[in-house]
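Visitor: I am sharing query_23.cif, which consists of mmCIF, C-alpha atoms (C1' of nucleotides):
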```cif
data_entry
loop_
_atom_site.group_PDB
_atom_site.id
_atom_site.type_symbol
_atom_site.label_atom_id
_atom_site.label_comp_id
_atom_site.auth_asym_id
_atom_site.auth_seq_id
_atom_site.Cartn_x
_atom_site.Cartn_y
_atom_site.Cartn_z
ATOM 1 C CA MET J 255 95.090 296.382 144.332
ATOM 2 C CA ALA J 256 98.726 295.402 144.648
ATOM 3 C CA TYR J 257 101.895 297.230 143.686
ATOM 4 C CA TRP J 258 104.943 295.855 141.941
ATOM 5 C CA LEU J 259 108.289 296.823 140.526
ATOM 6 C CA LEU J 260 109.419 295.329 137.235
ATOM 7 C CA ARG J 261 113.015 295.642 136.187
ATOM 8 C CA SER J 262 114.333 295.727 132.653
ATOM 9 C CA GLU J 263 117.510 296.801 130.947
ATOM 10 C CA PRO J 264 116.576 299.892 128.927
ATOM 11 C CA ASP J 265 118.870 298.826 126.077
ATOM 12 C CA VAL J 266 116.951 295.576 125.763
ATOM 13 C CA TYR J 267 113.423 296.764 126.476
ATOM 14 C CA GLY J 268 112.867 300.161 128.044
ATOM 15 C CA TRP J 269 110.014 302.513 128.800
ATOM 16 C CA ASP J 270 110.124 304.031 125.319
ATOM 17 C CA HIS J 271 109.705 300.591 123.773
ATOM 18 C CA LEU J 272 106.654 300.000 125.932
ATOM 19 C CA VAL J 273 105.110 303.334 124.987
ATOM 20 C CA ARG J 274 105.739 302.634 121.315
ATOM 21 C CA ASP J 275 104.186 299.168 121.642
ATOM 22 C CA SER J 276 101.365 300.580 123.822
ATOM 23 C CA ALA J 277 101.270 297.189 125.601
ATOM 24 C CA THR J 278 103.552 294.225 126.053
ATOM 25 C CA GLU J 279 103.839 290.703 127.366
ATOM 26 C CA TRP J 280 106.198 290.695 130.359
ATOM 27 C CA ASP J 281 107.839 287.360 129.619
ATOM 28 C CA GLY J 282 111.194 285.665 129.821
ATOM 29 C CA VAL J 283 111.391 285.708 133.603
ATOM 30 C CA ARG J 284 113.386 282.671 134.650
ATOM 31 C CA ASN J 285 113.618 282.945 138.380
ATOM 32 C CA TYR J 286 111.179 281.097 140.616
ATOM 33 C CA THR J 287 110.728 283.833 143.170
ATOM 34 C CA ALA J 288 110.036 286.359 140.454
ATOM 35 C CA ARG J 289 107.742 283.873 138.715
ATOM 36 C CA ASN J 290 105.729 283.461 141.900
ATOM 37 C CA PHE J 291 105.238 287.201 142.118
ATOM 38 C CA LEU J 292 104.068 287.261 138.488
ATOM 39 C CA LYS J 293 101.469 284.654 139.409
ATOM 40 C CA ASP J 294 100.260 286.863 142.251
ATOM 41 C CA MET J 295 99.498 289.760 139.922
ATOM 42 C CA ALA J 296 95.912 290.717 139.154
ATOM 43 C CA VAL J 297 94.311 292.888 136.515
ATOM 44 C CA GLY J 298 94.424 296.500 137.623
ATOM 45 C CA ASP J 299 97.551 296.136 139.767
ATOM 46 C CA ARG J 300 100.102 298.879 139.296
ATOM 47 C CA ALA J 301 103.803 298.405 138.615
ATOM 48 C CA LEU J 302 106.806 300.665 138.454
ATOM 49 C CA PHE J 303 109.000 300.271 135.411
ATOM 50 C CA TYR J 304 112.592 300.275 136.622
ATOM 51 C CA HIS J 305 115.540 300.713 134.293
ATOM 52 C CA SER J 306 118.487 298.663 135.508
ATOM 53 C CA ASN J 307 122.098 298.793 134.499
ATOM 54 C CA THR J 308 122.735 302.085 132.727
ATOM 55 C CA GLU J 309 120.076 304.201 134.347
ATOM 56 C CA LYS J 310 119.186 302.587 137.666
ATOM 57 C CA ALA J 311 115.946 304.474 138.187
ATOM 58 C CA ALA J 312 112.202 303.979 138.281
ATOM 59 C CA ILE J 313 110.891 305.769 135.237
ATOM 60 C CA GLY J 314 107.212 305.061 134.730
ATOM 61 C CA ILE J 315 103.981 303.510 135.903
ATOM 62 C CA MET J 316 102.376 300.496 134.273
ATOM 63 C CA GLU J 317 99.144 298.611 134.772
ATOM 64 C CA ILE J 318 98.693 294.865 134.740
ATOM 65 C CA THR J 319 96.103 294.180 132.046
ATOM 66 C CA ARG J 320 95.944 290.386 132.166
ATOM 67 C CA ALA J 321 96.768 287.805 134.812
ATOM 68 C CA TRP J 322 99.530 285.289 134.234
ATOM 69 C CA ARG J 323 99.625 282.660 131.557
ATOM 70 C CA PRO J 324 102.268 279.988 130.857
ATOM 71 C CA ASP J 325 105.463 281.323 129.327
ATOM 72 C CA GLY J 326 107.430 278.979 127.114
ATOM 73 C CA GLU J 327 107.157 275.353 126.125
ATOM 74 C CA LYS J 328 109.313 273.991 128.892
ATOM 75 C CA GLY J 329 109.017 274.534 132.595
ATOM 76 C CA ASP J 330 106.465 276.178 134.798
ATOM 77 C CA TRP J 331 107.033 279.819 133.897
ATOM 78 C CA ALA J 332 104.616 282.705 133.735
ATOM 79 C CA SER J 333 104.136 286.005 131.967
ATOM 80 C CA VAL J 334 101.632 288.839 132.399
ATOM 81 C CA ALA J 335 100.402 291.596 130.106
ATOM 82 C CA VAL J 336 101.117 295.235 130.933
ATOM 83 C CA LYS J 337 100.451 298.647 129.477
ATOM 84 C CA PRO J 338 102.038 302.025 130.206
ATOM 85 C CA VAL J 339 99.999 304.419 132.339
ATOM 86 C CA GLU J 340 102.257 307.423 132.713
ATOM 87 C CA LYS J 341 105.867 308.423 132.822
ATOM 88 C CA LEU J 342 106.993 309.674 136.222
ATOM 89 C CA PRO J 343 107.452 313.469 136.390
ATOM 90 C CA ARG J 344 111.096 312.643 136.959
ATOM 91 C CA PRO J 345 112.962 309.360 137.433
ATOM 92 C CA VAL J 346 113.558 308.183 140.996
ATOM 93 C CA THR J 347 117.060 306.792 141.176
ATOM 94 C CA LEU J 348 118.301 303.762 143.053
ATOM 95 C CA ALA J 349 120.558 306.035 145.103
ATOM 96 C CA GLU J 350 117.557 308.122 146.159
ATOM 97 C CA MET J 351 115.614 305.027 147.141
ATOM 98 C CA LYS J 352 118.527 303.747 149.210
ATOM 99 C CA ALA J 353 118.792 307.115 150.940
ATOM 100 C CA GLU J 354 115.099 307.260 151.854
ATOM 101 C CA PRO J 355 114.467 305.764 155.322
ATOM 102 C CA ARG J 356 110.837 304.980 154.493
ATOM 103 C CA LEU J 357 112.088 302.642 151.745
ATOM 104 C CA ALA J 358 114.476 300.731 153.989
ATOM 105 C CA LYS J 359 112.380 297.578 153.679
ATOM 106 C CA LEU J 360 111.817 297.838 149.939
ATOM 107 C CA GLU J 361 112.021 294.355 148.503
ATOM 108 C CA MET J 362 114.066 295.351 145.483
ATOM 109 C CA LEU J 363 116.708 296.860 147.777
ATOM 110 C CA ARG J 364 116.852 293.751 149.913
ATOM 111 C CA GLN J 365 116.939 291.380 146.949
ATOM 112 C CA SER J 366 118.705 293.475 144.404
ATOM 113 C CA ARG J 367 118.840 290.811 141.712
ATOM 114 C CA LEU J 368 115.139 290.007 141.597
ATOM 115 C CA SER J 369 113.534 291.366 138.458
ATOM 116 C CA VAL J 370 109.998 291.250 139.868
ATOM 117 C CA THR J 371 109.346 292.499 143.389
ATOM 118 C CA PRO J 372 106.331 293.667 145.403
ATOM 119 C CA LEU J 373 105.963 297.113 146.974
ATOM 120 C CA ARG J 374 103.914 298.021 150.007
ATOM 121 C CA GLU J 375 101.256 300.638 149.429
ATOM 122 C CA GLU J 376 103.225 303.129 151.571
ATOM 123 C CA GLU J 377 106.365 302.487 149.559
ATOM 124 C CA TRP J 378 104.498 303.052 146.340
ATOM 125 C CA ALA J 379 103.201 306.370 147.696
ATOM 126 C CA VAL J 380 106.667 307.428 148.854
ATOM 127 C CA ILE J 381 108.234 306.795 145.454
ATOM 128 C CA LEU J 382 105.478 308.683 143.658
ATOM 129 C CA GLU J 383 105.918 311.541 146.088
ATOM 130 C CA MET J 384 109.647 311.552 145.339
ATOM 131 C CA ALA J 385 108.937 311.549 141.618
ATOM 132 C CA ARG J 386 106.797 314.630 141.991
ATOM 133 C CA GLY J 387 109.712 316.267 143.772
ATOM 134 C "C1'" DG K 247 136.554 295.002 135.259
ATOM 135 C "C1'" DC K 248 135.420 293.533 139.644
ATOM 136 C "C1'" DC K 249 132.724 291.914 143.332
ATOM 137 C "C1'" DA K 250 128.652 290.561 146.103
ATOM 138 C "C1'" DA K 251 124.640 287.986 146.215
ATOM 139 C "C1'" DC K 252 122.147 284.566 144.722
ATOM 140 C "C1'" DG K 253 120.520 280.538 141.986
ATOM 141 C "C1'" DT K 254 121.630 276.203 139.770
ATOM 142 C "C1'" DT K 255 123.986 272.000 139.021
ATOM 143 C "C1'" DG K 256 126.260 267.823 139.904
ATOM 144 C "C1'" DG K 257 128.839 264.659 142.773
ATOM 145 C "C1'" DC K 258 128.569 262.215 146.748
ATOM 146 C "C1'" DG Z 62 119.694 265.853 151.035
ATOM 147 C "C1'" DC Z 63 123.963 268.410 151.360
ATOM 148 C "C1'" DC Z 64 127.444 271.207 149.689
ATOM 149 C "C1'" DA Z 65 131.081 272.859 146.623
ATOM 150 C "C1'" DA Z 66 131.702 274.726 142.253
ATOM 151 C "C1'" DC Z 67 130.105 277.379 138.866
ATOM 152 C "C1'" DG Z 68 127.170 280.739 136.327
ATOM 153 C "C1'" DT Z 69 124.422 284.961 136.204
ATOM 154 C "C1'" DT Z 70 122.974 289.466 137.399
ATOM 155 C "C1'" DG Z 71 123.285 294.090 138.926
ATOM 156 C "C1'" DG Z 72 125.718 297.697 140.943
ATOM 157 C "C1'" DC Z 73 129.823 300.177 141.570
#
```
Reformat the file's structure so that it appears as structure tokens.

Guide:
Amino acid sequence: MAYWLLRSEPDVYGWDHLVRDSATEWDGVRNYTARNFLKDMAVGDRALFYHSNTEKAAIGIMEITRAWRPDGEKGDWASVAVKPVEKLPRPVTLAEMKAEPRLAKLEMLRQSRLSVTPLREEEWAVILEMARG
DNA sequence: GCCAACGTTGGC
DNA sequence: GCCAACGTTGGC
């Protein structure tokens, strides 16, 4: 099982939208690096839902429910299907992640503009631990 | 509103 | 194929 972090602007599509929809197609990604990560995802993988922009915090846990399929008529893009698993006990903010030494190598911190990034298993555990306070 | 960090595009 | 110019994104 692999771990991922998916970023979205909460005003556009946030955690509450996902819960209301009970599942969604994670599409519209138009960056090749992010696209490649989408193609690496497998059913059962876990992903953090990160709110960018206004909130800047990881807010919930999702599960990948279907591997990638082509996204859009033009170009070699991909989308996956996800569903919400649970909201984190409390959000883990970007500032907290930056301040945590064990997250120094976190991909989303190193490549802050990527909307889809992988997490190491240890990093996943650290963030969940932080969320539990 | 600004800036840093990328990614993309187009001219050569 | 390289590189400058430009556009986009996210954080501050």

Visitor: Once you count only C-alpha atoms (C1' of nucleotides), which residues of chain K turn out to be within 9 Å of chain J? Could you give them as a list in words?

Guide: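 Output check: DA251, DC252 and DG253 of chain K.
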
Visitor: Which residues, named as in the file, does the PyMOL selection byres ((chain J and resi 310-324) around 9) pick out? Answer as a count of residues only.

Guide: 51

Visitor: Can you report as AutoDock Vina command-line options the centre and edge lengths in Å, to one decimal, of an axis-aligned box around the listed atoms of region 250-257 of chain K padded with 5 Å on each side?

Guide:
```
--center_x 124.7 --center_y 277.6 --center_z 142.6 --size_x 18.3 --size_y 35.9 --size_z 17.2
```

Visitor: Calculate how many Å separate CA of Lys359 (chain J) from CA of Leu272 (chain J), rounding to one decimal.

Guide: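 CA of Lys359 (chain J) sits 28.4 Å away from CA of Leu272 (chain J).
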
Visitor: Hey, can you check how far CA of Asp265 (chain J) sits from CA of Glu375 (chain J)?

Guide: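 These two atoms are separated by 29.3 Å.
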
Visitor: Quote the spacing between CA of Arg364 (chain J) and CA of Met255 (chain J) in Å to one decimal place.

Guide: 22.6 Å

Visitor: Which residues, named as in the file, does the PyMOL selection byres ((chain K and resi 249) around 12) pick out? Answer as a list in words.

Guide: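 That selection, the PyMOL selection byres ((chain K and resi 249) around 12), comes back as DG247, DC248, DA250 and DA251 of chain K; DT70, DG71, DG72 and DC73 of chain Z.
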
Visitor: Selected residues, C-alpha atoms (C1' of nucleotides), written as a PDB file, keeping the file's coordinate frame, please.

Guide:
```pdb
ATOM      1  C1'  DG K 247     136.554 295.002 135.259  1.00  0.00           C
ATOM      2  C1'  DC K 248     135.420 293.533 139.644  1.00  0.00           C
ATOM      3  C1'  DA K 250     128.652 290.561 146.103  1.00  0.00           C
ATOM      4  C1'  DA K 251     124.640 287.986 146.215  1.00  0.00           C
TER       5       DA K 251
ATOM      6  C1'  DT Z  70     122.974 289.466 137.399  1.00  0.00           C
ATOM      7  C1'  DG Z  71     123.285 294.090 138.926  1.00  0.00           C
ATOM      8  C1'  DG Z  72     125.718 297.697 140.943  1.00  0.00           C
ATOM      9  C1'  DC Z  73     129.823 300.177 141.570  1.00  0.00           C
TER      10       DC Z  73
END
```

Visitor: For this file, the PyMOL selection byres ((chain J and resi 357) around 10) selects which residues, as a PyMOL selection string?

Guide: chain J and resi 350-356+358-363+373-374+376-378+380-381

Visitor: Based on the selection just made, write C-alpha atoms of those residues as an mmCIF file, keeping the file's coordinate frame.

Guide:
```cif
data_model
loop_
_atom_site.group_PDB
_atom_site.id
_atom_site.type_symbol
_atom_site.label_atom_id
_atom_site.label_comp_id
_atom_site.auth_asym_id
_atom_site.auth_seq_id
_atom_site.Cartn_x
_atom_site.Cartn_y
_atom_site.Cartn_z
ATOM 1 C CA GLU J 350 117.557 308.122 146.159
ATOM 2 C CA MET J 351 115.614 305.027 147.141
ATOM 3 C CA LYS J 352 118.527 303.747 149.210
ATOM 4 C CA ALA J 353 118.792 307.115 150.940
ATOM 5 C CA GLU J 354 115.099 307.260 151.854
ATOM 6 C CA PRO J 355 114.467 305.764 155.322
ATOM 7 C CA ARG J 356 110.837 304.980 154.493
ATOM 8 C CA ALA J 358 114.476 300.731 153.989
ATOM 9 C CA LYS J 359 112.380 297.578 153.679
ATOM 10 C CA LEU J 360 111.817 297.838 149.939
ATOM 11 C CA GLU J 361 112.021 294.355 148.503
ATOM 12 C CA MET J 362 114.066 295.351 145.483
ATOM 13 C CA LEU J 363 116.708 296.860 147.777
ATOM 14 C CA LEU J 373 105.963 297.113 146.974
ATOM 15 C CA ARG J 374 103.914 298.021 150.007
ATOM 16 C CA GLU J 376 103.225 303.129 151.571
ATOM 17 C CA GLU J 377 106.365 302.487 149.559
ATOM 18 C CA TRP J 378 104.498 303.052 146.340
ATOM 19 C CA VAL J 380 106.667 307.428 148.854
ATOM 20 C CA ILE J 381 108.234 306.795 145.454
#
```
